[in-house]
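Next up, target-v4.txt (compact mmCIF, C-alpha atoms):
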```
# COMPACT_ATOMS: atom_id res chain seq x y z
CA MET A 7 51.40 -46.50 8.55
CA THR A 8 54.55 -48.38 7.59
CA VAL A 9 55.01 -50.61 4.54
CA ALA A 10 57.30 -53.64 4.54
CA SER A 11 59.53 -53.72 1.48
CA ARG A 12 62.17 -56.19 0.34
CA GLU A 13 65.31 -54.75 -1.24
CA TRP A 14 68.53 -56.13 -2.70
CA ARG A 15 71.82 -55.00 -1.16
CA LEU A 16 75.40 -55.54 -2.25
CA ILE A 17 77.29 -56.81 0.80
CA ALA A 18 80.64 -57.74 -0.81
CA ARG A 19 82.49 -56.58 -3.94
CA PRO A 20 82.43 -59.43 -6.50
CA PHE A 21 85.67 -60.87 -7.82
CA GLY A 22 84.96 -62.10 -11.33
CA GLU A 23 81.39 -63.23 -11.89
CA PRO A 24 79.06 -62.05 -9.07
CA LYS A 25 77.98 -64.79 -6.64
CA PRO A 26 74.79 -65.01 -4.54
CA ALA A 27 76.94 -64.58 -1.40
CA ASP A 28 77.81 -61.06 -2.59
CA PHE A 29 74.18 -59.97 -2.10
CA GLU A 30 71.45 -59.89 0.51
CA LEU A 31 67.67 -59.64 0.16
CA ALA A 32 66.68 -57.55 3.19
CA THR A 33 63.31 -56.35 4.49
CA VAL A 34 62.78 -52.78 5.67
CA ASP A 35 59.80 -50.81 6.96
CA LEU A 36 59.08 -47.59 5.07
CA PRO A 37 57.15 -44.74 6.74
CA ASP A 38 54.56 -42.46 5.18
CA PRO A 39 56.11 -39.92 2.79
CA ALA A 40 57.34 -36.65 4.29
CA PRO A 41 56.36 -33.36 2.60
CA GLY A 42 57.51 -33.41 -1.02
CA GLN A 43 57.94 -37.18 -1.07
CA LEU A 44 56.22 -40.13 -2.75
CA LEU A 45 55.80 -43.77 -1.79
CA VAL A 46 55.95 -45.81 -4.99
CA ARG A 47 55.02 -49.47 -5.38
CA ASN A 48 57.45 -50.71 -7.98
CA ASP A 49 55.83 -52.75 -10.74
CA TRP A 50 58.80 -53.22 -13.09
CA LEU A 51 62.56 -53.29 -12.51
CA SER A 52 65.32 -53.06 -15.08
CA VAL A 53 68.56 -55.06 -14.90
CA ASP A 54 71.33 -53.84 -17.20
CA PRO A 55 74.99 -54.59 -18.01
CA TYR A 56 76.28 -51.27 -16.62
CA MET A 57 75.24 -52.45 -13.15
CA ARG A 58 78.17 -54.88 -13.10
CA GLY A 59 80.61 -51.96 -13.15
CA ARG A 60 78.80 -50.35 -10.22
CA MET A 61 79.58 -53.42 -8.11
CA ASN A 62 83.28 -52.49 -8.22
CA ASP A 63 84.64 -49.74 -6.00
CA VAL A 64 86.10 -47.71 -8.85
CA GLU A 65 85.47 -44.21 -10.13
CA SER A 66 83.25 -44.11 -13.20
CA TYR A 67 80.53 -42.04 -14.85
CA ILE A 68 78.07 -43.30 -12.22
CA PRO A 69 78.90 -43.93 -8.54
CA PRO A 70 79.41 -47.53 -7.36
CA PHE A 71 76.81 -49.28 -5.26
CA VAL A 72 77.24 -48.60 -1.56
CA LEU A 73 77.79 -51.75 0.46
CA ASP A 74 74.95 -52.77 2.78
CA GLU A 75 72.54 -50.26 1.25
CA ALA A 76 69.73 -50.80 -1.26
CA MET A 77 70.99 -51.02 -4.83
CA THR A 78 69.57 -48.62 -7.42
CA GLY A 79 68.48 -48.84 -11.02
CA GLY A 80 65.66 -48.04 -13.39
CA ALA A 81 62.12 -48.82 -12.24
CA VAL A 82 58.52 -47.99 -13.05
CA GLY A 83 55.81 -48.06 -10.43
CA THR A 84 52.54 -46.73 -9.07
CA VAL A 85 52.31 -43.93 -6.51
CA VAL A 86 50.48 -45.34 -3.47
CA ALA A 87 50.98 -42.35 -1.15
CA SER A 88 51.87 -38.76 -1.97
CA ALA A 89 52.86 -35.72 0.06
CA SER A 90 53.47 -33.69 -3.09
CA ASP A 91 51.02 -31.47 -4.96
CA ALA A 92 52.87 -32.28 -8.18
CA VAL A 93 52.20 -36.04 -8.29
CA ALA A 94 48.88 -37.68 -7.42
CA VAL A 95 48.21 -41.07 -5.92
CA GLY A 96 47.68 -43.58 -8.71
CA ALA A 97 50.13 -41.95 -11.12
CA THR A 98 52.63 -44.15 -12.94
CA VAL A 99 56.19 -42.89 -12.54
CA SER A 100 59.65 -43.86 -13.70
CA HIS A 101 62.58 -43.38 -11.34
CA PHE A 102 65.99 -44.76 -10.34
CA ALA A 103 65.14 -46.49 -7.04
CA GLY A 104 64.93 -50.01 -8.40
CA TRP A 105 66.01 -53.34 -6.87
CA ARG A 106 63.23 -53.02 -4.25
CA GLU A 107 59.48 -53.54 -3.91
CA TYR A 108 58.63 -50.05 -2.63
CA ALA A 109 60.54 -46.80 -2.99
CA LEU A 110 60.31 -43.70 -0.80
CA LEU A 111 61.66 -40.81 -2.86
CA ASP A 112 61.46 -37.09 -3.51
CA ALA A 113 58.80 -36.18 -6.04
CA GLY A 114 61.38 -34.32 -8.12
CA SER A 115 63.27 -37.54 -8.79
CA ALA A 116 60.25 -39.27 -10.36
CA GLN A 117 58.89 -38.71 -13.86
CA VAL A 118 55.18 -39.20 -14.50
CA VAL A 119 54.65 -41.34 -17.63
CA SER A 120 51.59 -42.08 -19.73
CA THR A 121 50.40 -45.67 -19.96
CA GLU A 122 48.04 -44.64 -22.76
CA THR A 123 51.02 -44.02 -25.05
CA ALA A 124 52.73 -47.32 -24.24
CA PRO A 125 52.83 -50.01 -21.54
CA ALA A 126 54.51 -48.89 -18.34
CA GLN A 127 57.55 -51.14 -18.83
CA ALA A 128 58.29 -49.54 -22.22
CA TYR A 129 59.77 -46.58 -20.33
CA LEU A 130 62.53 -48.91 -19.11
CA GLY A 131 63.23 -50.12 -22.63
CA LEU A 132 62.23 -48.72 -25.99
CA LEU A 133 60.94 -45.37 -24.69
CA GLY A 134 63.65 -45.05 -22.07
CA THR A 135 67.41 -44.89 -22.16
CA THR A 136 67.62 -48.27 -23.92
CA GLY A 137 65.96 -47.01 -27.08
CA LEU A 138 67.64 -43.62 -26.81
CA THR A 139 71.06 -45.30 -26.61
CA ALA A 140 70.47 -47.06 -29.92
CA TYR A 141 69.19 -43.89 -31.59
CA ALA A 142 71.90 -41.55 -30.26
CA GLY A 143 74.62 -44.03 -31.10
CA LEU A 144 73.59 -44.19 -34.75
CA THR A 145 72.77 -40.51 -35.23
CA GLU A 146 75.35 -38.59 -33.18
CA ILE A 147 78.16 -40.99 -32.26
CA ALA A 148 78.57 -43.12 -35.39
CA PRO A 149 76.07 -41.60 -37.82
CA VAL A 150 74.51 -43.95 -40.34
CA ARG A 151 74.40 -42.63 -43.90
CA GLU A 152 72.27 -43.76 -46.82
CA GLY A 153 73.66 -46.99 -48.25
CA ASP A 154 75.91 -47.89 -45.31
CA VAL A 155 76.68 -51.42 -44.18
CA VAL A 156 76.15 -51.58 -40.41
CA PHE A 157 77.31 -54.22 -37.92
CA ILE A 158 75.68 -54.57 -34.48
CA SER A 159 77.07 -56.79 -31.72
CA GLY A 160 74.88 -58.01 -28.89
CA ALA A 161 72.18 -57.69 -31.51
CA ALA A 162 69.54 -59.78 -29.73
CA GLY A 163 69.84 -57.73 -26.55
CA ALA A 164 67.87 -54.71 -25.39
CA VAL A 165 69.93 -52.03 -27.17
CA GLY A 166 71.19 -54.13 -30.07
CA SER A 167 67.78 -55.35 -31.22
CA VAL A 168 66.58 -51.74 -31.43
CA ALA A 169 69.81 -50.46 -32.99
CA GLY A 170 69.56 -52.81 -35.95
CA GLN A 171 66.06 -51.61 -36.74
CA VAL A 172 67.02 -47.96 -36.28
CA ALA A 173 69.91 -48.42 -38.71
CA LYS A 174 67.48 -49.61 -41.38
CA GLN A 175 65.22 -46.63 -40.75
CA LEU A 176 68.21 -44.31 -41.16
CA GLY A 177 68.94 -45.70 -44.63
CA ALA A 178 71.43 -48.52 -44.10
CA ALA A 179 71.66 -50.80 -47.13
CA LYS A 180 72.62 -53.84 -45.04
CA VAL A 181 72.48 -54.51 -41.31
CA ILE A 182 74.41 -57.44 -39.85
CA GLY A 183 73.91 -58.64 -36.29
CA SER A 184 75.85 -60.93 -33.98
CA ALA A 185 74.17 -63.05 -31.32
CA GLY A 186 74.91 -66.20 -29.32
CA GLY A 187 73.36 -69.41 -30.64
CA PRO A 188 71.55 -70.39 -33.84
CA GLY A 189 68.11 -69.61 -32.42
CA LYS A 190 68.96 -66.04 -31.54
CA ALA A 191 70.79 -65.52 -34.83
CA ALA A 192 67.75 -66.71 -36.76
CA ARG A 193 65.48 -64.34 -34.83
CA LEU A 194 67.62 -61.38 -35.82
CA ARG A 195 66.48 -61.93 -39.39
CA THR A 196 62.91 -63.15 -38.87
CA ASP A 197 61.84 -60.91 -35.98
CA PHE A 198 64.05 -57.82 -36.06
CA GLY A 199 64.66 -57.32 -39.79
CA PHE A 200 68.43 -57.82 -39.92
CA ASP A 201 69.76 -58.68 -43.37
CA ALA A 202 72.37 -61.12 -42.06
CA ALA A 203 73.14 -62.75 -38.74
CA ILE A 204 76.25 -64.25 -37.16
CA ASP A 205 76.26 -66.86 -34.41
CA TYR A 206 79.47 -65.89 -32.62
CA ARG A 207 79.54 -69.26 -30.87
CA ALA A 208 79.79 -71.10 -34.20
CA GLY A 209 83.41 -70.37 -35.03
CA ASP A 210 85.78 -67.75 -36.43
CA LEU A 211 83.98 -64.45 -35.87
CA ALA A 212 86.18 -62.40 -38.21
CA GLU A 213 85.71 -64.96 -40.97
CA GLN A 214 81.94 -64.97 -40.50
CA LEU A 215 81.81 -61.17 -40.57
CA ALA A 216 83.92 -61.00 -43.72
CA ALA A 217 81.60 -63.49 -45.40
CA ALA A 218 78.50 -61.53 -44.34
CA ALA A 219 80.01 -58.21 -45.48
CA PRO A 220 82.27 -58.81 -48.51
CA GLU A 221 81.89 -55.09 -49.27
CA GLY A 222 83.16 -54.21 -45.79
CA ILE A 223 81.30 -52.36 -43.03
CA ASP A 224 80.89 -48.61 -42.58
CA VAL A 225 79.42 -48.42 -39.06
CA TYR A 226 79.89 -50.68 -36.04
CA PHE A 227 77.72 -50.37 -32.92
CA ASP A 228 79.72 -52.12 -30.20
CA ASN A 229 77.97 -53.64 -27.20
CA VAL A 230 80.47 -56.45 -26.64
CA GLY A 231 84.10 -55.35 -27.11
CA GLY A 232 86.84 -57.98 -27.26
CA ASP A 233 86.92 -60.15 -30.37
CA HIS A 234 83.88 -58.37 -31.84
CA LEU A 235 85.67 -55.02 -31.86
CA ASP A 236 88.76 -56.63 -33.32
CA ALA A 237 86.77 -58.29 -36.12
CA ALA A 238 85.04 -55.01 -36.91
CA LEU A 239 88.38 -53.19 -37.23
CA VAL A 240 89.57 -55.78 -39.75
CA THR A 241 86.38 -55.62 -41.82
CA MET A 242 85.76 -51.88 -41.62
CA ASN A 243 86.00 -49.64 -44.67
CA ARG A 244 88.03 -46.45 -44.85
CA TYR A 245 86.47 -43.61 -42.83
CA GLY A 246 84.34 -46.08 -40.86
CA ARG A 247 82.64 -45.05 -37.63
CA ILE A 248 82.46 -47.06 -34.40
CA ALA A 249 80.14 -46.32 -31.46
CA LEU A 250 81.67 -47.77 -28.30
CA CYS A 251 78.55 -48.39 -26.22
CA GLY A 252 79.48 -51.42 -24.11
CA ALA A 253 81.99 -54.21 -23.59
CA ILE A 254 80.00 -56.91 -21.82
CA SER A 255 82.50 -59.61 -22.81
CA ILE A 256 85.04 -58.27 -20.30
CA TYR A 257 82.88 -56.95 -17.44
CA ASN A 258 83.63 -59.96 -15.22
CA ASP A 259 87.35 -60.09 -16.04
CA THR A 260 89.65 -59.98 -13.03
CA GLU A 261 92.61 -58.64 -15.01
CA PRO A 262 92.65 -55.88 -17.65
CA ALA A 263 91.91 -57.35 -21.06
CA PRO A 264 94.47 -56.82 -23.83
CA GLY A 265 93.55 -54.17 -26.35
CA PRO A 266 92.27 -55.11 -29.82
CA ARG A 267 95.17 -56.61 -31.79
CA HIS A 268 94.11 -54.79 -34.93
CA LEU A 269 93.63 -51.33 -33.44
CA PRO A 270 96.50 -49.91 -35.57
CA LEU A 271 94.27 -50.49 -38.61
CA ALA A 272 92.26 -47.49 -37.42
CA ILE A 273 95.16 -45.27 -38.46
CA GLY A 274 95.41 -46.27 -42.09
CA LYS A 275 91.66 -46.65 -42.48
CA ARG A 276 90.99 -43.29 -40.75
CA ILE A 277 88.43 -44.97 -38.50
CA THR A 278 86.64 -42.96 -35.83
CA LEU A 279 86.10 -44.76 -32.51
CA ARG A 280 83.97 -42.76 -30.10
CA GLY A 281 82.76 -43.74 -26.65
CA MET A 282 79.24 -42.88 -25.62
CA ASN A 283 77.10 -42.48 -22.54
CA VAL A 284 73.38 -41.97 -22.97
CA SER A 285 73.30 -39.30 -20.25
CA ASP A 286 74.96 -36.96 -22.76
CA HIS A 287 72.05 -37.36 -25.17
CA MET A 288 68.94 -36.65 -23.13
CA HIS A 289 68.28 -33.66 -25.41
CA GLN A 290 67.41 -36.20 -28.11
CA LEU A 291 64.69 -37.88 -26.03
CA PRO A 292 61.72 -35.87 -27.46
CA GLU A 293 63.01 -36.53 -30.98
CA TRP A 294 63.35 -40.22 -30.20
CA PHE A 295 59.87 -40.39 -28.68
CA ALA A 296 58.39 -38.94 -31.86
CA LYS A 297 60.35 -41.22 -34.18
CA ALA A 298 59.80 -44.37 -32.11
CA GLY A 299 56.10 -43.66 -31.71
CA GLY A 300 55.66 -43.38 -35.46
CA TRP A 301 57.67 -46.51 -36.19
CA LEU A 302 55.72 -48.48 -33.59
CA ALA A 303 52.44 -47.28 -35.05
CA ASP A 304 53.30 -48.33 -38.60
CA GLY A 305 54.78 -51.66 -37.49
CA SER A 306 58.33 -50.95 -38.64
CA LEU A 307 59.77 -51.17 -35.11
CA ARG A 308 59.44 -54.28 -32.98
CA THR A 309 60.49 -54.79 -29.40
CA GLU A 310 60.92 -57.89 -27.30
CA GLU A 311 61.02 -58.45 -23.56
CA THR A 312 62.31 -61.28 -21.39
CA ILE A 313 60.36 -61.16 -18.13
CA VAL A 314 61.26 -62.70 -14.78
CA GLU A 315 58.70 -62.68 -11.95
CA GLY A 316 59.32 -61.50 -8.39
CA ILE A 317 61.82 -59.45 -6.40
CA ASP A 318 63.44 -62.67 -5.15
CA GLN A 319 64.37 -63.51 -8.77
CA ALA A 320 65.95 -60.12 -9.60
CA LEU A 321 69.51 -61.30 -8.98
CA ASP A 322 68.95 -64.37 -11.15
CA ALA A 323 67.55 -62.10 -13.87
CA PHE A 324 70.69 -59.96 -13.74
CA THR A 325 73.00 -62.99 -13.93
CA ALA A 326 71.00 -64.49 -16.80
CA MET A 327 71.16 -61.19 -18.71
CA MET A 328 74.92 -60.97 -18.25
CA ASN A 329 75.21 -64.48 -19.67
CA GLY A 330 73.07 -63.65 -22.71
CA ALA A 331 69.92 -65.53 -21.71
CA ASN A 332 67.59 -62.70 -22.73
CA THR A 333 66.18 -61.64 -26.05
CA GLY A 334 65.39 -57.93 -26.04
CA LYS A 335 64.99 -56.14 -22.72
CA MET A 336 65.40 -58.12 -19.50
CA LEU A 337 62.78 -57.03 -16.96
CA VAL A 338 61.63 -58.07 -13.52
CA ARG A 339 57.91 -57.83 -12.91
CA LEU A 340 56.79 -57.43 -9.32
CA PRO A 341 53.34 -58.95 -8.76
CA HIS A 342 51.23 -57.40 -6.02
CA ASN A 343 48.21 -58.81 -4.22
```

Rendering of file as structure tokens:
Amino acid sequence: MTVASREWRLIARPFGEPKPADFELATVDLPDPAPGQLLVRNDWLSVDPYMRGRMNDVESYIPPFVLDEAMTGGAVGTVVASASDAVAVGATVSHFAGWREYALLDAGSAQVVSTETAPAQAYLGLLGTTGLTAYAGLTEIAPVREGDVVFISGAAGAVGSVAGQVAKQLGAAKVIGSAGGPGKAARLRTDFGFDAAIDYRAGDLAEQLAAAAPEGIDVYFDNVGGDHLDAALVTMNRYGRIALCGAISIYNDTEPAPGPRHLPLAIGKRITLRGMNVSDHMHQLPEWFAKAGGWLADGSLRTEETIVEGIDQALDAFTAMMNGANTGKMLVRLPHN
């Protein structure tokens, strides 16, 4: 028996901001799984900033999307047919064959997850690489020490909203977040426990950061790059630590962006800037599960999701996320009859 499945394909490399004409929503028929395979009905899809880089035909830590083939990304779904003794029909699994309604994949590439521990979509956010990125960045890349002042950019996003809370749990004396718009900035304080919030759209970012941190900052978790990184360099204390996690402000640029004007300050201040990729930190996942589970149970960790409905809206969800429309994790839910 075959199953009809819609899937998103990249059909042209975007120049600047991706356009609908760069993509195609195609329908394919999937056969029954061969020995060792699973047929998974995807229930949740993740859209993330790193996917923009995969639309370019350049060498990176993860291969680019292949033109005219189904795109990939994080997903969680239900096994509807199994030809593997290891995974039963009805199991909930996480895998990397997102951007489609159904996925035919080898059983070894799917991870069975418990929906008793947390909702299925949590494995794409807090209990997945999103939460682990925040934790690894503030424990191994730019370790937070007791009494530190910590600055988080993209603080209302999936990683940033968790990172601010993790910094407090690790002993930070003050956590400052940057977000776009007064509503998001207010929510950093009221919903996510930040001590201070900056609306980067409101004016001079460096001036706002200096006012929020007159004592300087010790750790910067960078999701944005550009002017945020430059402002952090100016405000950072001697021996400060910077985790370079993302640079969403320049992902759609068509020309290389100039480097931070104040980078030479890193010399005199002895600042450490270290790039990170969560794939290097999977050994921390059990530790993160244990910590996050405890913090969720006692109410000291809060997560937020922005949910878009339907496979046909997945591209819009990605574009909205890239433009900062989400608070917390941006997810696509796939309803099924």

Output as JSON the centre and edge lengths (Å, one decimal) of the box along x, y and z of the file that holds every listed atom of stretch 32-45 of chain A after adding 6 Å on each side.
```
{"center_x": 60.6, "center_y": -45.5, "center_z": 2.1, "size_x": 24.1, "size_y": 36.2, "size_z": 21.7}
```

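Residue nearest A:Pro37 within the list A:Met57, A:Met77, A:Ala208, A:Ala10: A:Ala10 [criterion: smallest interatomic distance, all atoms listed in the file].
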
Original post:
Which residue, A:Leu51, A:Val72, A:Ala92, A:Val34, has the smallest gap to A:Trp105 when you use only C-alpha atoms?
Top reply: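 Closest residue, counting only C-alpha atoms: A:Leu51.
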
Original post:
Quick one: residues within 10 Å of A:Gly153, all atoms listed in the file counted, chain neighbours fewer than 3 positions away excluded, as a list in words?
Top reply: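 The neighbour list is Val150, Val156, Lys174, Leu176, Gly177, Ala178, Ala179, Lys180 and Asp224 of chain A.
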
Original post:
Of the candidates A:Val225, A:Ala89, A:Ile254, A:Leu279, which one gets nearest to A:Gly42 if we count all atoms listed in the file?
Top reply: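 When distances to A:Gly42 are compared using all atoms listed in the file, the smallest one comes from A:Ala89.
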
Original post:
So how far away is atom CA of A:Val165 from atom CA of A:Gly334, in Å?
Top reply: 7.5 Å

Subject >> Residue with smallest distance to A:Thr145 - pool A:Ile248, A:Met336, A:Leu194, A:Leu110, counting all atoms listed in the file >> reply: A:Ile248

Original post:
By how many Å are atom CA of A:Glu261 and atom CA of A:Gly22 apart?
Top reply: 9.2 Å

Subject >> Radius query 6 Å about (76.2, -59.2, -36.9), atoms used: only C-alpha atoms, as a list in words >> reply: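 Residues with an atom close enough to that point: Phe157, Ile158, Ser159, Ile182, Gly183, Ser184, Ala203 and Ile204 of chain A.
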
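Across A:Pro24, A:Pro69, A:Gly137, A:Gly83, the tightest approach to A:Gly96 is made by A:Gly83 when counting all atoms listed in the file.
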
Original post:
Counting only C-alpha atoms, which of A:Gly59, A:Thr333, A:Arg151, A:Val86 gets nearest to A:Asp259?
Top reply: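 Under the stated criterion, the closest residue is A:Gly59.
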
**OP:** Give me, please, the distance in Å between atom CA of A:Ala142 and atom CA of A:Ala116, quoted to one decimal.
**Re:**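 Interatomic distance, atom CA of A:Ala142 to atom CA of A:Ala116: 23.2 Å.
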
**OP:** List every protein, DNA or RNA residue with an atom no more than 10 Å from (62.4, -40.4, -32.0) in the file's coordinates, counting all atoms listed in the file, and format the result as a list in words.
**Re:**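 In the file's frame, the residues around the point are Leu133, Gly137, Leu138, Tyr141, Ala142, Val172, Gln290, Leu291, Pro292, Glu293, Trp294, Phe295, Ala296, Lys297, Ala298, Gly299, Gly300 and Trp301 of chain A.
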
**OP:** Name all residues at most 12 Å from A:Gln319 (count all atoms listed in the file; drop same-chain ones fewer than 3 positions away) and give them as a list of chain:residue names.
**Re:** A:Arg12, A:Glu13, A:Trp14, A:Pro26, A:Leu31, A:Leu51, A:Val53, A:Trp105, A:Arg106, A:Ile313, A:Val314, A:Glu315, A:Gly316, A:Asp322, A:Ala323, A:Phe324, A:Thr325, A:Ala326, A:Leu337, A:Val338, A:Arg339, A:Leu340, A:Pro341

Original post:
Which polymer residues have any atom within 10 Å of an atom of A:Val93, counting all atoms listed in the file, with same-chain residues fewer than 2 positions away left out, as JSON, numbers by chain?
Top reply: {"A": [42, 43, 44, 85, 87, 88, 89, 90, 91, 95, 96, 97, 98, 99, 113, 114, 116, 117, 118]}

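The neighbours of A:Tyr206 here are the residues that come within 8 Å of it, using only C-alpha atoms and leaving out any residue fewer than 3 positions away in the same chain; they are A:Ser184, A:Ala185, A:Gly186, A:Gly187, A:Gly209, A:Asp210, A:Leu211.
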